[in-house]
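Working notes for the structure below.
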Amino acid sequence: MSDSLAASATLSRDMVRTTTYALVVVAALGASVPLWTGSMPFLLILASQAVIAAIVALSLDLLMGSTGLLSFGHAAWYGFGAYLTGLAAKLLTPEMLIVLPLTLVATIVLATIIGFVLVRQIGKTFAILTLALGQIMFALVFVMSGVTGGEDGLQGIPVPKAFGIPVVRPDVWYWILYGVLLAAILASFHIRRSPLGKAWLAIRENTERARFIGLDTGSLKLLSYVVSATLAALAGGLFALFNGAASSDLLNWFESGKVLMYVVLGGVGTIIGPVIGAAVFTITEHYVSSITNSWLIYFGGFFVLIVIVAPGGLFGALSSLWSRFGASRRGAAS
Amino acid sequence: MILETSNITKHFGGLKAVSGVNLKIAPGAIHSIIGPNGAGKTTLFNLITGAIPPAAGHVVFDGNDVTGWSPERLAKVGLARTFQRTSIFKNLSVVENVALAIRSREGVSRSIWQSTASEQAIVSEAMDVLGKVGLRGRDKDKAGALAHGYQRALDIAIGLALKPKLILMDEPLAGMSRGDRETIAALITELRASLGVTIVVVEHDVAMVMRLSDRITVMQHGEVIADAPPAEIRDNEAVRKAYLHGSFAA
């Protein structure tokens, strides 16, 4: 990771304050969405998709922003969660309080096995192997088309239930997704401030030194990978239940690239930044792609601009503006 | 002896980086390892601290055969080191650099719950360690923003926070001004006196080494050519030949 990205991942005192404000604003704005989209149900569905994207972005940030491991194949876990949850709902029970924990347990087991091999690689090798993992998962959808539905995708996922009550209303879905996102954000902040989160930061900053102060960097990186994969799988599982279907696109390298863009666009390691990045990307993607088929070109250009002009991402830029605003106010007051 | 290597050997291809080195470090000593560039001093450090595995030989630390142990395992039993190029956590605060080592030593680095009292105790201990190396007033600064001499001191503080029985310092005076060199040299002496920690130093500043050390090992071409107190090393003909540039005039 470059110095600029590394720097952006450090939560300074100013950034902590800005993060707190941003969190309250995001939480309040997000909570009010169903109140003003009543006459436009499509907007509520788009907002729900943005929330799911934000959970995936947060999962990658837990890996990239904490331990500095760059994953080019994070959609593997997102798609894995979607397919596994969808299949469990179809074959076992539509009760989401059963199928989602099942998915999480399966992901923990599989991510531990795969991560055990991956985290022993460093830098580009790790990144390339994660890309390969994503493509293997993608190919498995077609190899196992009898189970996964192949090109047609996994169809016919039943309406999910929570405590035996069918979850159908878009606003209820939104609240569920939003609640999961808020819980994930709070958990991420808690972990970041904990000894574990600080040990992860030490690995990101200087892995060699971390080893020489007695940190078992291999198992700590594995833990980061498993936590990250599990959160991504949860997002995938929620998406499959919300959408009623899962397709191979969820596992494509392009999806992994999008998740990476959410994180870099928002600000690596800032926790709240990737959430903003995912929401901005998802909503903008919808509107711009409805205007032009060349939306990817515009997004690519915008992405390059952000990386050059604001290496700390949107959150870093907003934080910087906020700090300057605060400084000028203090200057005026004195 | 707190540390002994017997016949420790490492080859890189056809190059004998370290060849059959027998080293004995007495507890509480300041023991320096000197030699021309490429003598194998840093490789010997890397072999002792588990950064690279030896091709042959053994390392015994505090009565245990620790050959092939990982750096993290060695850190847990009291073997710390500093690096030729200062190795700190540059984007973290000075106090957090030291606190990380304390949490690791206490075995709480994996915890996701920590009481305020426990964290305060760790920060308080970190401040004490920073006080020992003259960094108490810089605790909130970003480590990477410190001047080179202070970064060196922080590197040592991170090692000390592990409460090591032995600390290996790889060229602690490298790249420093004359004033900073004196400060770090005084710090090394003070640490041995106040903490009783055994210190092994690799250093090119021969004059400083002569002043600081209880014993000196001289290496050349991966082998030990002399091992004796400073006065004997000064008069050793083989050592004089190894240092053709006259460093020993000091």
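Identifiers in the structure tokens: chain A, B, ... in order shown; residue index from 1 per chain; ligand index from 1 in order shown.
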What parts of segment 98-258 of chain A does DSSP call strand (DSSP E or B)? I'd like the answer as an MDAnalysis selection string. chainID A and resid 154 161:162 165:166 246
Include N, CA and C atoms and write out the residues we just selected as an mmCIF file, in the first residue's frame.
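Contents of part-v3.cif, freshly written:
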```cif
data_model
loop_
_atom_site.group_PDB
_atom_site.id
_atom_site.type_symbol
_atom_site.label_atom_id
_atom_site.label_comp_id
_atom_site.auth_asym_id
_atom_site.auth_seq_id
_atom_site.Cartn_x
_atom_site.Cartn_y
_atom_site.Cartn_z
ATOM 1 N N LEU A 154 -29.249 -18.452 -9.791
ATOM 2 C CA LEU A 154 -30.040 -19.201 -8.803
ATOM 3 C C LEU A 154 -31.390 -18.503 -8.669
ATOM 4 N N LYS A 161 -38.177 -15.355 5.854
ATOM 5 C CA LYS A 161 -38.951 -15.060 7.064
ATOM 6 C C LYS A 161 -37.994 -14.665 8.186
ATOM 7 N N ALA A 162 -38.501 -13.836 9.066
ATOM 8 C CA ALA A 162 -37.757 -13.507 10.292
ATOM 9 C C ALA A 162 -38.682 -13.824 11.457
ATOM 10 N N ILE A 165 -42.087 -14.727 10.370
ATOM 11 C CA ILE A 165 -42.924 -13.730 9.680
ATOM 12 C C ILE A 165 -42.284 -13.397 8.336
ATOM 13 N N PRO A 166 -43.034 -13.541 7.230
ATOM 14 C CA PRO A 166 -42.454 -13.221 5.918
ATOM 15 C C PRO A 166 -42.007 -11.754 5.853
ATOM 16 N N ALA A 246 -29.797 -15.043 -7.316
ATOM 17 C CA ALA A 246 -28.360 -14.726 -7.318
ATOM 18 C C ALA A 246 -27.804 -15.103 -8.684
#
```
Pull the helix (DSSP H, G or I) assignments for segment 190-219 of chain B out of DSSP run on the backbone, and list those residues as a list in words. Glu190, Leu191, Arg192, Ala193, Ser194, Leu195, Val206, Ala207, Met208, Val209, Met210, Arg211 and Leu212 of chain B
Print the selection's residues with C-alpha atoms to a file, as an mmCIF file, in the first residue's frame.
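New file again14.cif:
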```
data_model
loop_
_atom_site.group_PDB
_atom_site.id
_atom_site.type_symbol
_atom_site.label_atom_id
_atom_site.label_comp_id
_atom_site.auth_asym_id
_atom_site.auth_seq_id
_atom_site.Cartn_x
_atom_site.Cartn_y
_atom_site.Cartn_z
ATOM 1 C CA GLU B 190 22.375 3.900 31.238
ATOM 2 C CA LEU B 191 20.010 1.119 30.149
ATOM 3 C CA ARG B 192 22.490 -1.547 31.158
ATOM 4 C CA ALA B 193 23.090 0.171 34.488
ATOM 5 C CA SER B 194 19.452 0.838 35.352
ATOM 6 C CA LEU B 195 17.736 -2.221 33.860
ATOM 7 C CA VAL B 206 35.063 1.706 16.603
ATOM 8 C CA ALA B 207 36.047 4.490 18.969
ATOM 9 C CA MET B 208 32.570 4.445 20.517
ATOM 10 C CA VAL B 209 32.584 0.652 20.667
ATOM 11 C CA MET B 210 35.914 0.691 22.533
ATOM 12 C CA ARG B 211 34.428 3.081 25.080
ATOM 13 C CA LEU B 212 31.108 1.294 25.558
#
```
Option closest in space to Lys10 of chain B, from B:Val108, B:Leu162, B:Ala56, B:Ile102 [counting only C-alpha atoms]: B:Ala56
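Separating atom CA of Lys16 of chain B from atom CA of Gly78 of chain B is a distance of 29.1 Å.
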Contacts of Val26 of chain A within 10 Å, only C-alpha atoms, excl. fewer than 6 positions in-chain, as a ChimeraX atom specification: /A:20,32,182,272,275-276
Selection to disk with N, CA and C atoms, as a CSV table (one decimal), in the first residue's frame:
```csv
chain,number,residue,atom,x,y,z
A,20,THR,N,-17.0,10.9,13.9
A,20,THR,CA,-18.1,10.8,14.8
A,20,THR,C,-19.3,11.7,14.2
A,32,SER,N,-33.7,8.0,7.8
A,32,SER,CA,-34.9,8.7,7.4
A,32,SER,C,-35.4,8.4,6.0
A,182,LEU,N,-25.4,-0.5,10.3
A,182,LEU,CA,-25.0,0.3,11.5
A,182,LEU,C,-24.2,-0.6,12.5
A,272,ILE,N,-15.8,4.7,7.7
A,272,ILE,CA,-17.0,5.4,7.3
A,272,ILE,C,-16.8,5.8,5.8
A,275,VAL,N,-18.1,3.3,3.2
A,275,VAL,CA,-19.6,3.3,3.3
A,275,VAL,C,-20.1,4.4,2.4
A,276,ILE,N,-19.5,5.5,2.5
A,276,ILE,CA,-19.9,6.7,1.6
A,276,ILE,C,-19.6,6.4,0.2
```
Can you pull out every residue within 9 Å of Met176 of chain B, counting only C-alpha atoms, but drop anything in the same chain fewer than 4 positions away, and send it as a list in words?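 Answer for this query is His148, Gly149, Pro172, Asp180 and Arg181 of chain B.
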Residue subset to file, keeping C-alpha atoms, as a PDB file, in the first residue's frame:
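And here's again_24.pdb as it stands now:
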```pdb
ATOM      1  CA  HIS B 148      16.273  10.589  13.023  1.00  0.00           C
ATOM      2  CA  GLY B 149      17.932  10.470  16.445  1.00  0.00           C
ATOM      3  CA  PRO B 172      22.302   2.138  16.668  1.00  0.00           C
ATOM      4  CA  ASP B 180      23.021  12.292  18.755  1.00  0.00           C
ATOM      5  CA  ARG B 181      25.687   9.585  18.806  1.00  0.00           C
TER       6      ARG B 181
END
```
